[in-house]
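Student: Below is the file coords25.tsv, which contains TSV, C-alpha atoms.
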```tsv
chain	number	residue	atom	x	y	z
A	1	MET	CA	3.59	-2.27	-18.87
A	2	GLY	CA	3.27	-5.73	-20.34
A	3	TYR	CA	1.88	-9.24	-20.24
A	4	THR	CA	3.50	-12.63	-20.33
A	5	LYS	CA	1.68	-15.88	-20.97
A	6	LYS	CA	2.73	-19.43	-20.30
A	7	ARG	CA	1.15	-22.86	-20.19
A	8	VAL	CA	1.12	-24.25	-16.65
A	9	LEU	CA	0.18	-27.56	-15.07
A	10	SER	CA	-3.48	-28.30	-14.38
A	11	VAL	CA	-4.54	-26.42	-11.23
A	12	ALA	CA	-7.23	-29.02	-10.48
A	13	SER	CA	-4.70	-31.88	-10.65
A	14	ARG	CA	-2.25	-29.98	-8.47
A	15	ALA	CA	-4.98	-29.33	-5.87
A	16	VAL	CA	-5.76	-33.07	-5.77
A	17	GLU	CA	-2.04	-33.78	-5.32
A	18	LEU	CA	-1.97	-31.41	-2.34
A	19	GLY	CA	-5.27	-32.71	-0.93
A	20	LEU	CA	-6.93	-29.30	-1.27
A	21	ASP	CA	-10.55	-28.64	-2.23
A	22	MET	CA	-11.11	-26.22	-5.09
A	23	PRO	CA	-13.80	-23.61	-4.48
A	24	SER	CA	-16.66	-23.42	-6.98
A	25	GLY	CA	-16.20	-19.72	-7.77
A	26	VAL	CA	-13.16	-17.53	-8.21
A	27	ALA	CA	-10.22	-19.24	-6.50
A	28	ILE	CA	-7.40	-17.34	-4.83
A	29	LEU	CA	-4.27	-19.50	-5.00
A	30	PRO	CA	-1.32	-19.50	-2.63
A	31	SER	CA	1.77	-17.94	-4.18
A	32	ASN	CA	3.71	-21.17	-3.51
A	33	PHE	CA	1.01	-23.39	-5.06
A	34	ASP	CA	3.47	-24.79	-7.63
A	35	THR	CA	6.21	-25.65	-5.17
A	36	VAL	CA	4.66	-26.39	-1.77
A	37	THR	CA	4.63	-29.98	-0.52
A	38	PRO	CA	1.62	-31.48	1.33
A	39	GLY	CA	1.59	-30.36	4.98
A	40	GLU	CA	3.81	-27.32	4.41
A	41	ASP	CA	2.48	-23.78	4.99
A	42	LEU	CA	0.48	-22.31	2.14
A	43	HIS	CA	1.84	-18.81	1.57
A	44	PHE	CA	-0.63	-16.29	0.25
A	45	THR	CA	0.25	-12.84	-1.01
A	46	TYR	CA	-0.72	-10.33	1.71
A	47	SER	CA	-3.53	-8.98	-0.46
A	48	ALA	CA	-5.33	-12.36	-0.71
A	49	LEU	CA	-7.76	-11.63	2.12
A	50	THR	CA	-8.54	-8.13	0.89
A	51	VAL	CA	-9.21	-9.33	-2.67
A	52	THR	CA	-11.40	-12.20	-1.45
A	53	LYS	CA	-13.44	-9.79	0.70
A	54	LEU	CA	-13.71	-7.25	-2.12
A	55	LEU	CA	-15.00	-9.80	-4.61
A	56	ARG	CA	-17.52	-11.19	-2.13
A	57	SER	CA	-18.77	-7.76	-1.17
A	58	ASN	CA	-19.46	-7.19	-4.87
A	59	GLY	CA	-21.49	-10.39	-5.14
A	60	ILE	CA	-18.75	-12.51	-6.73
A	61	ASP	CA	-18.30	-15.97	-5.25
A	62	ALA	CA	-14.64	-16.13	-4.20
A	63	ALA	CA	-12.56	-18.14	-1.74
A	64	ARG	CA	-8.95	-18.94	-0.94
A	65	VAL	CA	-7.77	-22.43	-1.79
A	66	GLY	CA	-6.76	-24.37	1.31
A	67	LEU	CA	-8.79	-22.27	3.68
A	68	ASP	CA	-9.76	-25.42	5.56
A	69	THR	CA	-6.12	-26.18	6.35
A	70	LYS	CA	-4.45	-24.63	9.38
A	71	ASN	CA	-1.10	-24.09	7.66
A	72	VAL	CA	-1.77	-20.72	6.12
A	73	ALA	CA	0.46	-17.64	6.26
A	74	TYR	CA	0.60	-14.31	4.47
A	75	VAL	CA	3.71	-12.95	2.81
A	76	HIS	CA	4.23	-9.19	3.13
A	77	ASN	CA	7.01	-8.08	0.82
A	78	ARG	CA	7.11	-4.41	1.68
A	79	SER	CA	7.58	-3.09	-1.82
A	80	ALA	CA	5.68	-0.18	-3.33
A	81	GLU	CA	4.06	-2.35	-6.00
A	82	TRP	CA	0.68	-3.69	-4.94
A	83	ILE	CA	0.63	-7.39	-5.72
A	84	VAL	CA	-2.69	-8.94	-6.63
A	85	PRO	CA	-2.88	-12.55	-5.38
A	86	VAL	CA	-2.84	-15.37	-7.95
A	87	ILE	CA	-6.43	-15.69	-9.19
A	88	PHE	CA	-7.74	-18.86	-10.84
A	89	PHE	CA	-10.80	-18.98	-13.07
A	90	GLY	CA	-11.92	-22.57	-13.71
A	91	ALA	CA	-13.39	-23.63	-17.07
A	92	GLU	CA	-16.77	-24.53	-15.58
A	93	PHE	CA	-17.02	-21.21	-13.76
A	94	ILE	CA	-16.07	-19.29	-16.92
A	95	LYS	CA	-18.64	-21.25	-18.93
A	96	GLN	CA	-21.39	-20.31	-16.48
A	97	SER	CA	-20.30	-16.72	-15.85
A	98	PRO	CA	-18.04	-15.52	-18.69
A	99	ASP	CA	-18.39	-11.86	-17.69
A	100	LEU	CA	-17.03	-12.40	-14.20
A	101	ILE	CA	-13.38	-12.31	-15.31
A	102	GLY	CA	-13.79	-8.68	-16.35
A	103	ALA	CA	-16.08	-7.92	-13.40
A	104	SER	CA	-13.58	-9.36	-10.89
A	105	LEU	CA	-10.65	-7.38	-12.29
A	106	ASN	CA	-12.81	-4.23	-12.44
A	107	VAL	CA	-13.63	-4.59	-8.73
A	108	ILE	CA	-9.92	-4.85	-7.96
A	109	GLN	CA	-9.11	-1.89	-10.21
A	110	ASP	CA	-11.76	0.31	-8.55
A	111	TYR	CA	-10.42	-0.57	-5.11
A	112	LEU	CA	-6.83	0.15	-6.10
A	113	LYS	CA	-7.78	3.56	-7.49
A	114	SER	CA	-9.37	4.39	-4.13
A	115	PHE	CA	-6.45	2.83	-2.25
A	116	PHE	CA	-3.97	5.01	-4.13
A	117	GLY	CA	-6.01	8.14	-3.46
A	118	GLY	CA	-7.56	8.38	-6.92
A	119	SER	CA	-4.38	7.75	-8.89
A	120	GLY	CA	-4.42	5.11	-11.63
A	121	SER	CA	-0.71	5.36	-12.35
A	122	GLU	CA	0.57	3.35	-9.38
A	123	LYS	CA	2.48	0.16	-10.19
A	124	ILE	CA	0.92	-3.24	-9.59
A	125	GLU	CA	1.56	-6.87	-10.43
A	126	ALA	CA	-1.13	-9.43	-11.19
A	127	ASP	CA	-1.16	-13.13	-12.08
A	128	VAL	CA	-4.25	-14.89	-13.36
A	129	ILE	CA	-4.56	-18.56	-14.31
A	130	VAL	CA	-7.39	-19.56	-16.62
A	131	GLU	CA	-8.52	-23.08	-17.35
A	132	TYR	CA	-9.68	-23.62	-20.92
A	133	GLY	CA	-10.90	-26.43	-23.13
A	134	LYS	CA	-12.08	-29.77	-21.82
A	135	SER	CA	-8.88	-31.34	-20.53
A	136	GLY	CA	-7.92	-28.96	-17.71
A	137	ASN	CA	-5.38	-27.00	-19.75
A	138	CYS	CA	-4.26	-23.92	-17.91
A	139	GLU	CA	-2.55	-20.71	-18.96
A	140	ARG	CA	-0.94	-18.22	-16.60
A	141	ILE	CA	-1.09	-14.59	-17.67
A	142	SER	CA	1.08	-12.17	-15.74
A	143	TYR	CA	0.80	-8.39	-15.75
A	144	LYS	CA	3.16	-5.67	-14.57
A	145	GLY	CA	2.04	-2.12	-15.05
A	146	ASP	CA	-0.18	0.61	-13.72
A	147	VAL	CA	-3.65	0.30	-12.22
A	148	GLU	CA	-5.28	1.72	-15.37
A	149	GLY	CA	-3.86	-1.16	-17.41
A	150	LEU	CA	-5.92	-3.74	-15.51
A	151	GLN	CA	-8.86	-3.09	-17.83
A	152	ALA	CA	-6.89	-4.10	-20.92
A	153	PHE	CA	-5.40	-7.01	-18.96
A	154	ALA	CA	-8.94	-8.27	-18.25
A	155	LYS	CA	-9.55	-8.50	-22.02
A	156	VAL	CA	-6.35	-10.50	-22.52
A	157	VAL	CA	-7.40	-12.91	-19.76
A	158	ALA	CA	-10.92	-13.24	-21.16
A	159	ALA	CA	-9.50	-14.02	-24.62
A	160	ALA	CA	-7.24	-16.72	-23.15
A	161	SER	CA	-10.22	-18.31	-21.41
A	162	ARG	CA	-12.02	-18.71	-24.75
A	163	LYS	CA	-9.29	-20.88	-26.24
A	164	LYS	CA	-10.35	-24.41	-27.23
B	1	MET	CA	-22.79	28.51	9.20
B	2	ALA	CA	-22.40	24.70	9.46
B	3	ILE	CA	-19.17	23.21	10.88
B	4	ALA	CA	-18.17	21.94	7.45
B	5	ASP	CA	-18.61	25.40	5.86
B	6	HIS	CA	-16.58	26.99	8.68
B	7	LEU	CA	-13.78	24.50	8.09
B	8	VAL	CA	-13.80	24.96	4.32
B	9	ALA	CA	-13.51	28.73	4.81
B	10	GLY	CA	-10.76	28.18	7.40
B	11	TYR	CA	-8.93	25.81	5.07
B	12	ASP	CA	-9.11	28.28	2.17
B	13	ALA	CA	-7.64	30.99	4.42
B	14	LEU	CA	-4.91	28.61	5.62
B	15	ARG	CA	-3.97	27.73	2.03
B	16	ALA	CA	-3.87	31.41	1.08
B	17	ASP	CA	-1.36	31.97	3.89
B	18	ILE	CA	0.72	28.81	3.50
B	19	ASP	CA	0.90	28.22	-0.26
B	20	PRO	CA	3.25	31.18	-0.85
B	21	LEU	CA	5.58	29.77	1.84
B	22	LEU	CA	6.07	26.39	0.17
B	23	PHE	CA	9.50	27.23	-1.21
B	24	LEU	CA	12.89	26.55	0.28
B	25	VAL	CA	14.02	30.18	0.14
B	26	ARG	CA	11.05	31.71	1.98
B	27	ASN	CA	11.62	33.33	5.35
B	28	LYS	CA	12.21	30.80	8.10
B	29	GLN	CA	10.10	32.55	10.75
B	30	LEU	CA	7.14	32.84	8.37
B	31	GLN	CA	7.41	29.11	7.74
B	32	ILE	CA	7.58	28.37	11.49
B	33	ASP	CA	4.42	30.47	11.93
B	34	GLY	CA	2.82	28.58	9.03
B	35	VAL	CA	3.45	25.22	10.70
B	36	ALA	CA	1.93	26.55	13.95
B	37	ARG	CA	-1.16	27.79	12.08
B	38	ALA	CA	-1.58	24.46	10.33
B	39	GLU	CA	-1.27	22.54	13.61
B	40	LYS	CA	-3.82	24.85	15.28
B	41	PHE	CA	-6.26	24.39	12.39
B	42	LEU	CA	-5.70	20.65	12.56
B	43	LEU	CA	-7.05	20.64	16.12
B	44	ARG	CA	-10.31	22.16	14.83
B	45	VAL	CA	-10.53	19.55	12.08
B	46	GLU	CA	-9.89	16.73	14.54
B	47	HIS	CA	-12.57	18.08	16.85
B	48	ALA	CA	-15.04	18.18	13.94
B	49	ARG	CA	-14.10	14.62	12.93
B	50	ILE	CA	-14.75	13.29	16.43
B	51	GLU	CA	-18.08	15.16	16.61
B	52	ALA	CA	-19.11	13.71	13.26
B	53	ILE	CA	-18.25	10.21	14.53
B	54	GLN	CA	-20.40	10.82	17.61
B	55	ARG	CA	-23.26	11.93	15.32
B	56	GLN	CA	-22.62	8.82	13.20
B	57	ASN	CA	-22.34	10.98	10.09
B	58	GLU	CA	-19.91	8.91	8.03
B	59	HIS	CA	-19.77	11.30	5.08
B	60	GLU	CA	-18.64	14.18	7.29
B	61	ALA	CA	-16.37	12.03	9.44
B	62	ASN	CA	-14.53	10.80	6.33
B	63	SER	CA	-14.42	14.31	4.84
B	64	PHE	CA	-12.78	15.65	8.01
B	65	LEU	CA	-10.41	12.68	8.06
B	66	GLY	CA	-9.33	13.61	4.51
B	67	LEU	CA	-9.10	17.32	5.34
B	68	GLY	CA	-6.90	16.50	8.32
B	69	MET	CA	-4.57	14.54	6.03
B	70	VAL	CA	-4.27	17.45	3.59
B	71	VAL	CA	-3.48	19.87	6.43
B	72	ARG	CA	-0.89	17.45	7.84
B	73	ALA	CA	0.65	17.27	4.36
B	74	LEU	CA	0.92	21.07	4.23
B	75	SER	CA	2.54	21.17	7.65
B	76	SER	CA	4.94	18.37	6.73
B	77	GLU	CA	5.96	20.06	3.46
B	78	LEU	CA	6.70	23.31	5.30
B	79	SER	CA	8.73	21.30	7.81
B	80	VAL	CA	10.81	19.84	4.95
B	81	TYR	CA	12.10	23.31	4.06
B	82	LEU	CA	12.59	24.30	7.69
B	83	LEU	CA	14.55	21.15	8.56
B	84	ILE	CA	16.81	21.53	5.52
B	85	LYS	CA	17.63	25.07	6.70
B	86	GLU	CA	18.35	23.67	10.15
B	87	ASP	CA	20.83	21.22	8.61
B	88	LYS	CA	18.63	18.22	9.45
B	89	PRO	CA	18.21	16.59	6.04
B	90	GLU	CA	17.39	13.14	7.43
B	91	GLU	CA	14.45	14.49	9.40
B	92	ALA	CA	13.44	16.55	6.35
B	93	TRP	CA	13.38	13.36	4.26
B	94	ILE	CA	11.00	11.73	6.74
B	95	LYS	CA	8.70	14.77	6.63
B	96	LEU	CA	8.69	14.65	2.81
B	97	ILE	CA	7.61	11.00	2.82
B	98	ASP	CA	5.01	11.86	5.49
B	99	ALA	CA	3.61	14.59	3.22
B	100	GLN	CA	3.37	12.16	0.28
B	101	GLU	CA	1.58	9.57	2.39
B	102	MET	CA	-0.87	12.12	3.78
B	103	ILE	CA	-1.84	13.26	0.29
B	104	ARG	CA	-2.44	9.69	-0.77
B	105	ALA	CA	-4.41	8.95	2.40
B	106	ALA	CA	-6.61	12.02	1.85
B	107	GLY	CA	-7.79	10.56	-1.45
B	108	ARG	CA	-8.57	7.29	0.29
B	109	ALA	CA	-10.53	9.03	3.03
B	110	HIS	CA	-12.98	10.75	0.73
B	111	PRO	CA	-13.43	11.00	-3.06
B	112	GLY	CA	-13.48	14.79	-2.69
B	113	PHE	CA	-9.71	14.64	-2.15
B	114	SER	CA	-8.93	12.29	-5.04
B	115	ASN	CA	-7.77	15.11	-7.36
B	116	LEU	CA	-4.44	15.68	-5.62
B	117	SER	CA	-2.30	13.62	-8.00
B	118	ASN	CA	-0.46	16.76	-9.22
B	119	LYS	CA	0.52	17.56	-5.64
B	120	LEU	CA	1.71	13.99	-5.12
B	121	THR	CA	3.79	14.15	-8.31
B	122	TYR	CA	5.33	17.45	-7.13
B	123	LEU	CA	6.20	15.99	-3.72
B	124	ARG	CA	7.84	13.01	-5.43
B	125	GLU	CA	9.87	15.31	-7.63
B	126	LEU	CA	11.17	17.04	-4.48
B	127	GLU	CA	12.91	13.76	-3.60
B	128	THR	CA	15.38	14.20	-6.43
B	129	ALA	CA	15.34	18.01	-6.50
B	130	LEU	CA	16.32	18.39	-2.84
B	131	PHE	CA	17.98	15.13	-1.83
B	132	PRO	CA	20.72	12.84	-3.14
B	133	PRO	CA	19.79	9.40	-4.55
B	134	GLN	CA	18.77	6.95	-1.84
B	135	GLN	CA	19.24	3.19	-1.46
B	136	PHE	CA	16.02	1.71	-0.14
B	137	VAL	CA	15.50	-1.37	1.97
B	138	SER	CA	12.40	-3.51	2.12
B	139	ALA	CA	11.39	-6.13	4.66
B	140	GLY	CA	9.79	-9.48	3.88
B	141	LEU	CA	7.46	-10.60	6.65
B	142	ILE	CA	5.53	-13.83	7.17
B	143	VAL	CA	2.29	-13.10	9.02
B	144	HIS	CA	0.24	-15.90	10.55
B	145	GLU	CA	-2.66	-13.88	11.87
B	146	GLN	CA	-4.14	-10.53	10.88
B	147	HIS	CA	-6.74	-8.44	12.69
B	148	CYS	CA	-8.87	-5.50	11.60
B	149	SER	CA	-8.08	-2.18	13.32
B	150	ILE	CA	-11.73	-1.07	13.18
B	151	CYS	CA	-13.52	-4.01	14.80
B	152	GLU	CA	-10.42	-5.84	16.12
B	153	VAL	CA	-11.64	-9.26	14.96
B	154	GLU	CA	-9.67	-11.46	12.56
B	155	TYR	CA	-9.39	-9.64	9.24
B	156	ASP	CA	-11.10	-12.42	7.27
B	157	LYS	CA	-14.12	-12.38	9.57
B	158	CYS	CA	-15.27	-8.78	9.06
B	159	ASP	CA	-16.41	-6.67	6.12
B	160	HIS	CA	-13.91	-3.82	6.47
B	161	ILE	CA	-11.42	-3.41	3.65
B	162	GLN	CA	-7.80	-2.45	4.29
B	163	GLY	CA	-6.95	1.15	3.51
B	164	LEU	CA	-10.52	2.40	3.14
B	165	ALA	CA	-12.17	4.86	5.53
B	166	TYR	CA	-15.05	3.90	7.80
B	167	MET	CA	-16.72	6.50	10.02
B	168	GLY	CA	-13.69	8.76	10.11
B	169	ARG	CA	-11.07	6.04	10.58
B	170	PHE	CA	-8.92	4.02	8.20
B	171	CYS	CA	-9.09	0.24	8.25
B	172	ARG	CA	-5.59	-1.05	8.94
B	173	VAL	CA	-4.48	-4.64	9.19
B	174	ILE	CA	-2.80	-5.42	12.50
B	175	PHE	CA	-0.22	-8.16	12.22
B	176	LYS	CA	-0.14	-10.90	14.85
B	177	LYS	CA	2.40	-13.69	14.99
B	178	VAL	CA	4.93	-12.14	12.64
B	179	THR	CA	8.26	-13.60	11.61
B	180	ALA	CA	10.88	-11.62	9.74
B	181	ASP	CA	11.77	-13.45	6.54
B	182	HIS	CA	14.34	-11.31	4.74
B	183	ILE	CA	15.43	-7.82	3.84
B	184	ALA	CA	16.14	-6.72	0.32
B	185	PHE	CA	17.47	-3.70	-1.51
B	186	VAL	CA	14.70	-2.38	-3.72
B	187	GLU	CA	14.04	0.59	-5.97
B	188	SER	CA	10.47	1.07	-4.81
B	189	PRO	CA	9.88	0.17	-1.17
B	190	ALA	CA	6.49	0.42	0.50
B	191	ASP	CA	8.08	2.72	3.04
B	192	ARG	CA	10.62	5.17	1.62
B	193	ARG	CA	11.79	5.97	5.13
B	194	CYS	CA	13.54	2.56	5.15
B	195	ARG	CA	16.89	3.35	3.57
B	196	VAL	CA	20.60	2.86	3.98
B	197	THR	CA	21.75	5.79	6.15
B	198	SER	CA	25.53	5.31	6.04
B	199	ILE	CA	28.21	3.30	4.28
B	200	ALA	CA	31.65	2.18	5.36
B	201	ALA	CA	34.45	4.58	4.46
B	202	PRO	CA	38.14	4.84	5.39
B	203	GLY	CA	38.26	6.35	8.87
B	204	GLY	CA	34.62	5.83	9.76
B	205	LYS	CA	31.24	5.81	8.07
B	206	ARG	CA	29.95	8.14	5.39
B	207	ASN	CA	26.48	9.58	6.00
B	208	ARG	CA	24.64	9.01	2.72
B	209	MET	CA	22.54	12.12	3.18
B	210	THR	CA	25.07	14.72	4.38
B	211	TRP	CA	28.25	13.02	3.05
B	212	VAL	CA	29.88	13.79	6.41
B	213	LEU	CA	32.44	11.24	7.61
B	214	GLU	CA	31.23	10.10	11.02
B	215	SER	CA	32.96	7.97	13.62
B	216	ILE	CA	31.80	4.39	14.10
B	217	ARG	CA	30.27	3.65	17.48
B	218	GLU	CA	30.26	0.25	19.12
B	219	GLY	CA	27.38	-1.82	17.74
B	220	ASP	CA	27.31	0.00	14.39
B	221	GLU	CA	28.99	-2.86	12.54
B	222	SER	CA	26.84	-4.79	10.14
B	223	ASN	CA	27.23	-8.16	8.49
B	224	MET	CA	26.57	-6.57	5.17
B	225	THR	CA	29.82	-5.56	3.53
B	226	GLY	CA	30.09	-1.82	3.16
B	227	ILE	CA	26.90	-0.92	4.95
B	228	ILE	CA	27.13	0.41	8.45
B	229	ALA	CA	23.60	1.45	9.24
B	230	MET	CA	20.12	1.63	7.82
B	231	THR	CA	16.76	2.64	9.15
B	232	SER	CA	15.24	-0.53	10.54
B	233	PRO	CA	13.05	-2.35	8.05
B	234	PHE	CA	11.74	-4.36	10.99
B	235	SER	CA	10.69	-1.43	13.17
B	236	ASP	CA	7.79	-2.01	15.57
B	237	GLU	CA	5.31	0.01	13.52
B	238	GLU	CA	6.35	-1.73	10.33
B	239	ALA	CA	5.91	-5.14	11.85
B	240	LYS	CA	2.64	-4.40	13.56
B	241	SER	CA	0.44	-3.07	10.83
B	242	SER	CA	0.02	-2.41	7.17
B	243	GLU	CA	-2.12	0.01	5.26
```
Show me, as structure tokens, the structure contained in the file I just sent.
Tutor:
Amino acid sequence: MGYTKKRVLSVASRAVELGLDMPSGVAILPSNFDTVTPGEDLHFTYSALTVTKLLRSNGIDAARVGLDTKNVAYVHNRSAEWIVPVIFFGAEFIKQSPDLIGASLNVIQDYLKSFFGGSGSEKIEADVIVEYGKSGNCERISYKGDVEGLQAFAKVVAAASRKK
Amino acid sequence: MAIADHLVAGYDALRADIDPLLFLVRNKQLQIDGVARAEKFLLRVEHARIEAIQRQNEHEANSFLGLGMVVRALSSELSVYLLIKEDKPEEAWIKLIDAQEMIRAAGRAHPGFSNLSNKLTYLRELETALFPPQQFVSAGLIVHEQHCSICEVEYDKCDHIQGLAYMGRFCRVIFKKVTADHIAFVESPADRRCRVTSIAAPGGKRNRMTWVLESIREGDESNMTGIIAMTSPFSDEEAKSSE
């Protein structure tokens, strides 16, 4: 179980570069967001639709980036680890709803416990990008561990979002 | 007595009969009888599930769905021991993975079955207690369209959530427009039935499960050095849906 953190390029700038609109709420990013060129297929992790639906059904505004484009596909790597899609929390969204980082990850954790038949020890991977400060700085926090660990991960993400 | 109470009593009686048989060394005929009893009881559970669906009683429909999974797991575990005795370890392996998946699915069907993690751990331990180490294979698929198995519309246009139970049925995602991207050797595949079954050896191919040297038939050759055959990571079921 562990986290890694790294500074990444501005998500908002990258979306402009690709001609994609950013949703106002929680944004689900394609897994090839960093490398795709305009017009190429956006590849989402297979769980992107499920996570978007889960968040919405719990009253959290969420959408996939690039939903308006036709070049969307879903990557199913048939490994045992459940891979949470890349989730982006923008600075404005965090400012308005700081508790929604924890709430979003709790919704996913609850689902995964049900999905794994009540077990919290199943292995998962999660990547969250938070935008902080006023200049679009972004940090990517990655998690590999069990479902139970998502709660602690949410605190790490929330702390990163409070950076100046 | 209500249907649910009848089934709980029937399940308790079934467990009392079958639990003592869940060991490799138990009498083969008793285990065969145990499988038959489990399958017969399963028919009653299935009947109750369908009736509950007709009555639109989701709580009961999901309970019976979960109960059916637990009974299937019992039957599959018994079959593991039987198939090993019949010198069919590859089929036994499949039954073991079936049993694990049924236990997990039971917990998804209804929270009343979410306390089976000890059983799941035990069934996982059987992998190494009864079988040699396996080399697993995993498929990478690119899916352009996904549909919901419950309402059959596009998965992003309905409210059903993959893997959860609705009125006695699991929501599955049906893949449409699928392209195979790659296969990879992995430690933890989504489907532990996908594994390398034999490797090249002087004079033929070595069955990884039985260690028997088998002759190579036409069409067995693979592009992958040393590997002769594996269970298909791109089987129809695999490519069509995901849970």
Student: Contacts from chain B to chain A, 7 Å maximum, all atoms listed in the file: show me the residue list as a list of chain:residue names.
Tutor: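 Every residue meeting the condition is included here: B:Arg104, B:Ala105, B:Ala106, B:Gly107, B:Arg108, B:Ser114, B:Asn115, B:Ser117, B:Ser138, B:Ala139, B:Gly140, B:Leu141, B:Ile142, B:Val143, B:His144, B:Asp156, B:Asp159, B:Ile161, B:Gln162, B:Gly163, B:Leu164, B:Ser188, B:Pro189, B:Ala190.
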Student: Restrict the selected residues to C-alpha atoms and save them as a PDB file, in the coordinates of the input.
Tutor:
```pdb
ATOM      1  CA  ARG B 104      -2.440   9.690  -0.770  1.00  0.00           C
ATOM      2  CA  ALA B 105      -4.410   8.950   2.400  1.00  0.00           C
ATOM      3  CA  ALA B 106      -6.610  12.020   1.850  1.00  0.00           C
ATOM      4  CA  GLY B 107      -7.790  10.560  -1.450  1.00  0.00           C
ATOM      5  CA  ARG B 108      -8.570   7.290   0.290  1.00  0.00           C
ATOM      6  CA  SER B 114      -8.930  12.290  -5.040  1.00  0.00           C
ATOM      7  CA  ASN B 115      -7.770  15.110  -7.360  1.00  0.00           C
ATOM      8  CA  SER B 117      -2.300  13.620  -8.000  1.00  0.00           C
ATOM      9  CA  SER B 138      12.400  -3.510   2.120  1.00  0.00           C
ATOM     10  CA  ALA B 139      11.390  -6.130   4.660  1.00  0.00           C
ATOM     11  CA  GLY B 140       9.790  -9.480   3.880  1.00  0.00           C
ATOM     12  CA  LEU B 141       7.460 -10.600   6.650  1.00  0.00           C
ATOM     13  CA  ILE B 142       5.530 -13.830   7.170  1.00  0.00           C
ATOM     14  CA  VAL B 143       2.290 -13.100   9.020  1.00  0.00           C
ATOM     15  CA  HIS B 144       0.240 -15.900  10.550  1.00  0.00           C
ATOM     16  CA  ASP B 156     -11.100 -12.420   7.270  1.00  0.00           C
ATOM     17  CA  ASP B 159     -16.410  -6.670   6.120  1.00  0.00           C
ATOM     18  CA  ILE B 161     -11.420  -3.410   3.650  1.00  0.00           C
ATOM     19  CA  GLN B 162      -7.800  -2.450   4.290  1.00  0.00           C
ATOM     20  CA  GLY B 163      -6.950   1.150   3.510  1.00  0.00           C
ATOM     21  CA  LEU B 164     -10.520   2.400   3.140  1.00  0.00           C
ATOM     22  CA  SER B 188      10.470   1.070  -4.810  1.00  0.00           C
ATOM     23  CA  PRO B 189       9.880   0.170  -1.170  1.00  0.00           C
ATOM     24  CA  ALA B 190       6.490   0.420   0.500  1.00  0.00           C
TER      25      ALA B 190
END
```
Student: Which residues are near Val71 (chain B)? Cut-off 7 Å, all atoms listed in the file, ignore same chain within fewer than 3 positions. Put them as a list of chain:residue names.
Tutor: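 The residues that qualify are B:Ala38, B:Leu42, B:Leu67, B:Gly68, B:Leu74, B:Ser75.
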Student: Neighbours of region 93-98 of chain B within 7 Å (all atoms listed in the file; same-chain residues fewer than 4 positions away dropped), as an mmCIF file with C-alpha atoms, in the frame of the given file?
Tutor:
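Output contents, as saved in part_32.cif:
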```cif
data_model
loop_
_atom_site.group_PDB
_atom_site.id
_atom_site.type_symbol
_atom_site.label_atom_id
_atom_site.label_comp_id
_atom_site.auth_asym_id
_atom_site.auth_seq_id
_atom_site.Cartn_x
_atom_site.Cartn_y
_atom_site.Cartn_z
ATOM 1 C CA SER B 76 4.940 18.370 6.730
ATOM 2 C CA GLU B 77 5.960 20.060 3.460
ATOM 3 C CA SER B 79 8.730 21.300 7.810
ATOM 4 C CA VAL B 80 10.810 19.840 4.950
ATOM 5 C CA PRO B 89 18.210 16.590 6.040
ATOM 6 C CA MET B 102 -0.870 12.120 3.780
ATOM 7 C CA ARG B 192 10.620 5.170 1.620
ATOM 8 C CA ARG B 193 11.790 5.970 5.130
#
```
Student: Could you tell me how far CA of His182 (chain B) sits from CA of Ser198 (chain B), in Å to one decimal place?
Tutor: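 Between CA of Ser198 (chain B) and CA of His182 (chain B) the gap works out to 20.1 Å.
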Student: I'd like to know which of B:Gln146, B:Glu90, B:Trp211, B:Tyr166 is closest to Cys194 (chain B), using all atoms listed in the file.
Tutor: B:Glu90
Student: Hey, what's within 12 Å of Arg206 (chain B) if we count all atoms listed in the file and toss same-chain stuff fewer than 2 positions away? As a PyMOL selection string, please?
Tutor: chain B and resi 196-204+208-216+226-229
